[in-house]
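This report refers to the structure that appears directly beneath it.
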Amino acid sequence: MRHFGHIAPAVREALFFREPCEFGAESSPRVLSAALGATLYSPATRPRLADDIIKQAGRGVVSMVLCLEDSIDDSEVVDAEENLVRQFAELDARGVEGPLLFIRVREPGQIVDLVHRLGRTVRMLSGFVLPKFTEERGVPFLEALAKAEKACDQRLFAMPVLESPELLYLETRSETLRGIARTVDAYREQVLALRLGVTDFCSAYGLRRAPDMTAYDVQIVGSVIADVVNVLGRADGTGFTITGPVWEYFRLQERMFKPQLRRSPFLEGRAEELRTALIEHDLDGLLREIELDRANGLLGKTCIHPSHVAPVHALSVVSHEEYSDAQDILRPERGGGGVMRSAYTNKMNEVKPHRAWAERTLRRAEVFGVAKADVGFVELLAAGLAE
């Protein structure tokens, strides 16, 4: 699979200076963690889950979480587990390549049990999402994952969710973060990415951000994100990929844009009309939050509605200007440092301070591609939404 792989090759060629690479479940953790993109969550109770997975893959989704935790009622867990086993069997029978699939569990025992019950269809599973992760609660989950890997003789990744009250409260935050850091470092090969549970953070104080506000506008939440990145997202080789928080609002309907998008991947001059429509339909807050995610060191995003996927992916593409700067900074002859004017003649590129940024940018360019110089977000969004 690849990002924007659902659009026609000719359209990709017209949009990208460097097209996104192909990747799959067997790819390296370095590639997969960067490629997660908009990870779409779905309750495991959905009766046509296999159809949903295939449908979303056809729309550009490359990673999904099938949820047995907060998205379903406590009384539905047993039925949801049985449904997962049936739906994986259906996917296997249909032989269709789907997105990277993860199961969000409630208890460590579910990991080994589900791997056993899935049988041969476990080959379609990439790993598990571990809720309310702390050192105390996380170790049993990771031990269960190691046991399940051995049982099925297959690599399975963990994606811990950082959402516990101990991480939010000031008096326990530092020690909780240190404990999480010790735990994920000990299981580094199994941990694909760390996810942020901002809804749970807000819940602890009875808060809910409005559609015109980002997670960073809620200062108590913004402070936690900053501390998580500070401890767990460092660019010195000790850090992990940390994904952006969920956006809860989804009044936007993709079909509203389809008539104008079908005309041309270049919008035939209607870019400003689409920009206005996006703002009017509550997407402006999401777009600002995605930009702030990247500015604060996060990559990818938790999504609970398909309409969020295309904007996340469009804003993840590396611009031609970013790529040009990163390439200049990382040229072998610049290894000794120094400073230069950018090729776009609008900024200073300082080799040593900007090196980690450049390396991270090229990693994103590998999986999301590099846009041509005259291609921007709206054109990429239009292509992502067009059928």
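Lettering and numbering for the structure tokens are positional, with chains as A, B, ... in the shown order, residues counted from 1 in each chain, and ligands counted from 1 in the shown order.
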
If you count only C-alpha atoms, which residues fall within 6 Å of Leu196 (chain A), apart from same-chain ones fewer than 2 positions away, as a PyMOL selection string?
chain A and resi 161-162+198+245

Just list the residues in region 62-160 of chain A DSSP gives strand (DSSP E) on the backbone, as a list in words.
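For region 62-160 of chain A, the strand (DSSP E) set is Ser63, Met64, Val65, Leu66, Cys67, Leu100, Leu101, Phe102, Ile103, Arg104, Leu125, Ser126, Gly127, Phe128, Val129, Leu130, Phe157, Ala158, Met159 and Pro160 of chain A.
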
Go ahead and save the picked residues with C-alpha atoms, as a PDB file, in the first residue's frame.
```pdb
ATOM      1  CA  SER A  63      -4.263   2.198   9.406  1.00  0.00           C
ATOM      2  CA  MET A  64      -7.314   1.301  11.492  1.00  0.00           C
ATOM      3  CA  VAL A  65      -8.009   0.472  15.128  1.00  0.00           C
ATOM      4  CA  LEU A  66     -10.844  -1.932  15.905  1.00  0.00           C
ATOM      5  CA  CYS A  67     -11.953  -0.918  19.360  1.00  0.00           C
ATOM      6  CA  LEU A 100      -2.699  -1.979   8.935  1.00  0.00           C
ATOM      7  CA  LEU A 101      -5.120  -3.348  11.545  1.00  0.00           C
ATOM      8  CA  PHE A 102      -4.807  -2.970  15.308  1.00  0.00           C
ATOM      9  CA  ILE A 103      -7.160  -4.082  18.083  1.00  0.00           C
ATOM     10  CA  ARG A 104      -7.705  -1.863  21.093  1.00  0.00           C
ATOM     11  CA  LEU A 125      -3.239  -8.133  12.406  1.00  0.00           C
ATOM     12  CA  SER A 126      -0.427  -5.625  12.970  1.00  0.00           C
ATOM     13  CA  GLY A 127      -0.782  -5.279  16.718  1.00  0.00           C
ATOM     14  CA  PHE A 128      -2.693  -3.951  19.696  1.00  0.00           C
ATOM     15  CA  VAL A 129      -3.561  -0.563  21.168  1.00  0.00           C
ATOM     16  CA  LEU A 130      -3.002  -0.504  24.927  1.00  0.00           C
ATOM     17  CA  PHE A 157       3.306  -4.072  17.573  1.00  0.00           C
ATOM     18  CA  ALA A 158       2.047  -2.169  20.588  1.00  0.00           C
ATOM     19  CA  MET A 159       0.616   1.339  20.483  1.00  0.00           C
ATOM     20  CA  PRO A 160       0.216   2.526  24.097  1.00  0.00           C
TER      21      PRO A 160
END
```

Tell me, as a list in words, which residues lie within 7 Å of Thr241 (chain A), counting only C-alpha atoms; anything in the same chain fewer than 3 positions away does not count.
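The residues that qualify are Ser33, Ala193, Leu194, Gly233 and Leu299 of chain A.
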
Just list as a VMD selection string whatever in region 294-382 of chain A DSSP marks as alpha helix (DSSP H).
chain A and resid 294 to 295 309 to 316 320 to 329 351 to 368 377 to 382

Compare A:Thr134, A:Ala210, A:Val112, A:Leu156 by their minimum atom-to-atom distance to Thr183 (chain A), counting only C-alpha atoms, and give me the closest one.
A:Thr134

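With only C-alpha atoms as the atoms that count, the residue of A:Ala93, A:Met124, A:Val317, A:Val370 with the shortest distance to Cys152 (chain A) is A:Met124.
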
Rounded to one decimal place, report the CA of Met213 (chain A)-CA of Pro165 (chain A) distance in Å.
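Result for CA of Met213 (chain A) versus CA of Pro165 (chain A): 22.2 Å, one decimal.
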
Excluding Glu248 (chain A) and its own-chain neighbours fewer than 3 positions away, which residues fall within 10 Å of it when counting only C-alpha atoms? Please give them as a tab-separated table (two decimals) with all heavy atoms, in the first residue's frame.
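Result file is selection_19.tsv:
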```
chain	number	residue	atom	x	y	z
A	199	THR	N	-9.19	13.19	24.97
A	199	THR	CA	-10.57	13.20	25.47
A	199	THR	C	-10.60	12.81	26.95
A	199	THR	O	-11.34	13.39	27.74
A	199	THR	CB	-11.44	12.25	24.65
A	199	THR	OG1	-11.39	12.63	23.27
A	199	THR	CG2	-12.89	12.30	25.12
A	208	ARG	N	-14.45	20.24	27.43
A	208	ARG	CA	-14.61	19.78	26.05
A	208	ARG	C	-14.34	20.95	25.13
A	208	ARG	O	-15.00	21.99	25.23
A	208	ARG	CB	-16.01	19.22	25.81
A	208	ARG	CG	-16.16	18.58	24.44
A	208	ARG	CD	-17.50	17.88	24.27
A	208	ARG	NE	-17.51	17.03	23.11
A	208	ARG	CZ	-18.55	16.28	22.74
A	208	ARG	NH1	-19.65	16.29	23.48
A	208	ARG	NH2	-18.48	15.53	21.66
A	209	ARG	N	-13.36	20.81	24.24
A	209	ARG	CA	-13.02	21.94	23.38
A	209	ARG	C	-14.08	22.12	22.30
A	209	ARG	O	-14.66	21.16	21.80
A	209	ARG	CB	-11.64	21.76	22.77
A	209	ARG	CG	-11.47	20.65	21.76
A	209	ARG	CD	-9.98	20.49	21.47
A	209	ARG	NE	-9.65	19.58	20.38
A	209	ARG	CZ	-9.50	18.27	20.51
A	209	ARG	NH1	-9.71	17.71	21.69
A	209	ARG	NH2	-9.16	17.53	19.46
A	210	ALA	N	-14.33	23.38	21.96
A	210	ALA	CA	-15.29	23.74	20.92
A	210	ALA	C	-14.69	23.48	19.55
A	210	ALA	O	-13.46	23.34	19.41
A	210	ALA	CB	-15.68	25.20	21.06
A	211	PRO	N	-15.51	23.41	18.49
A	211	PRO	CA	-14.98	23.10	17.16
A	211	PRO	C	-14.04	24.15	16.59
A	211	PRO	O	-13.33	23.87	15.61
A	211	PRO	CB	-16.24	22.96	16.29
A	211	PRO	CG	-17.32	23.63	17.06
A	211	PRO	CD	-16.99	23.46	18.48
A	245	PRO	N	-3.78	14.03	18.77
A	245	PRO	CA	-5.03	13.66	19.44
A	245	PRO	C	-6.22	13.63	18.50
A	245	PRO	O	-6.18	14.18	17.40
A	245	PRO	CB	-5.19	14.76	20.49
A	245	PRO	CG	-4.49	15.94	19.90
A	245	PRO	CD	-3.32	15.38	19.15
A	251	ARG	N	-19.09	17.32	11.24
A	251	ARG	CA	-20.27	17.78	10.50
A	251	ARG	C	-20.01	17.80	9.00
A	251	ARG	O	-20.93	17.73	8.19
A	251	ARG	CB	-20.67	19.17	10.97
A	251	ARG	CG	-22.18	19.37	11.01
A	251	ARG	CD	-22.54	20.68	11.67
A	251	ARG	NE	-22.14	21.81	10.84
A	251	ARG	CZ	-22.25	23.07	11.23
A	251	ARG	NH1	-22.65	23.34	12.46
A	251	ARG	NH2	-21.91	24.05	10.44
A	286	LEU	N	-9.82	21.64	12.78
A	286	LEU	CA	-9.03	20.43	12.52
A	286	LEU	C	-7.75	20.78	11.76
A	286	LEU	O	-6.67	20.30	12.10
A	286	LEU	CB	-9.86	19.42	11.71
A	286	LEU	CG	-9.10	18.20	11.18
A	286	LEU	CD1	-8.52	17.37	12.31
A	286	LEU	CD2	-10.01	17.34	10.31
A	302	THR	N	-5.17	10.42	15.51
A	302	THR	CA	-6.31	9.54	15.77
A	302	THR	C	-7.56	10.16	15.14
A	302	THR	O	-7.83	11.34	15.35
A	302	THR	CB	-6.52	9.36	17.28
A	302	THR	OG1	-5.40	8.67	17.83
A	302	THR	CG2	-7.79	8.58	17.57
A	303	CYS	N	-8.32	9.37	14.38
A	303	CYS	CA	-9.52	9.87	13.70
A	303	CYS	C	-10.71	8.97	14.01
A	303	CYS	O	-10.57	7.75	14.05
A	303	CYS	CB	-9.31	9.93	12.19
A	303	CYS	SG	-8.05	11.13	11.69
A	304	ILE	N	-11.85	9.59	14.22
A	304	ILE	CA	-13.07	8.81	14.49
A	304	ILE	C	-14.12	9.02	13.40
A	304	ILE	O	-15.26	8.56	13.56
A	304	ILE	CB	-13.65	9.13	15.89
A	304	ILE	CG1	-13.69	10.63	16.18
A	304	ILE	CG2	-12.82	8.45	16.96
A	304	ILE	CD1	-14.84	11.37	15.60
A	305	HIS	N	-13.73	9.68	12.31
A	305	HIS	CA	-14.67	9.85	11.19
A	305	HIS	C	-13.89	9.86	9.88
A	305	HIS	O	-12.83	10.48	9.79
A	305	HIS	CB	-15.47	11.14	11.34
A	305	HIS	CG	-16.67	11.19	10.44
A	305	HIS	ND1	-16.61	11.70	9.16
A	305	HIS	CD2	-17.94	10.77	10.64
A	305	HIS	CE1	-17.80	11.61	8.62
A	305	HIS	NE2	-18.63	11.05	9.47
A	308	HIS	N	-12.13	12.97	8.17
A	308	HIS	CA	-10.90	13.56	8.68
A	308	HIS	C	-9.64	13.02	7.99
A	308	HIS	O	-8.57	13.61	8.11
A	308	HIS	CB	-10.76	13.30	10.18
A	308	HIS	CG	-11.89	13.85	10.99
A	308	HIS	ND1	-12.14	13.46	12.29
A	308	HIS	CD2	-12.85	14.77	10.69
A	308	HIS	CE1	-13.19	14.10	12.76
A	308	HIS	NE2	-13.64	14.90	11.81
```

May I ask which of the residues A:Ala38, A:Ala80, A:Ala14, A:Leu315 is the closest one to Arg294 (chain A), counting only C-alpha atoms?
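Smallest distance to Arg294 (chain A) is found for A:Leu315.
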
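Counting from CA of Met348 (chain A), the distance to CA of Ala326 (chain A) is 11.9 Å.
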
Straight-line distance linking CA of Pro29 (chain A) with CA of Ile290 (chain A), stated in Å to one decimal
22.7 Å

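In this comparison, which uses only C-alpha atoms, the residue of A:Arg155, A:Arg137, A:Lys372, A:Arg360 approaching Asp236 (chain A) most closely is A:Arg360.
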
Pick from A:Gly285, A:Val77, A:Pro306, A:Gly222 nearest to Gln56 (chain A), counting only C-alpha atoms
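Using only C-alpha atoms, Gln56 (chain A) sits closest to A:Pro306.
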
So, counting only C-alpha atoms, which residue among A:Val184, A:Leu177, A:Ala215, A:Leu36 is closest to Val231 (chain A)?
A:Leu177

Quick one: residues within 10 Å of Lys352 (chain A), only C-alpha atoms, excluding same-chain residues fewer than 2 positions away - as JSON, numbers by chain?
{"A": [329, 330, 334, 335, 336, 337, 338, 339, 349, 350, 354, 355, 356, 357]}

With C-alpha atoms retained, write the just-selected residues as an mmCIF file, in the first residue's frame.
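The file below, out_35.cif, is the result:
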```cif
data_model
loop_
_atom_site.group_PDB
_atom_site.id
_atom_site.type_symbol
_atom_site.label_atom_id
_atom_site.label_comp_id
_atom_site.auth_asym_id
_atom_site.auth_seq_id
_atom_site.Cartn_x
_atom_site.Cartn_y
_atom_site.Cartn_z
ATOM 1 C CA ILE A 329 20.893 20.852 5.178
ATOM 2 C CA LEU A 330 21.781 17.169 4.834
ATOM 3 C CA ARG A 334 27.607 20.316 4.902
ATOM 4 C CA GLY A 335 28.593 17.774 7.557
ATOM 5 C CA GLY A 336 30.866 20.272 9.296
ATOM 6 C CA GLY A 337 28.062 22.746 9.891
ATOM 7 C CA GLY A 338 27.602 26.301 8.702
ATOM 8 C CA VAL A 339 24.695 28.441 7.603
ATOM 9 C CA ASN A 349 19.196 27.112 7.035
ATOM 10 C CA GLU A 350 21.668 26.419 9.827
ATOM 11 C CA HIS A 354 18.275 22.113 11.745
ATOM 12 C CA ARG A 355 19.700 18.636 11.070
ATOM 13 C CA ALA A 356 17.203 16.702 13.233
ATOM 14 C CA TRP A 357 14.331 18.622 11.617
#
```
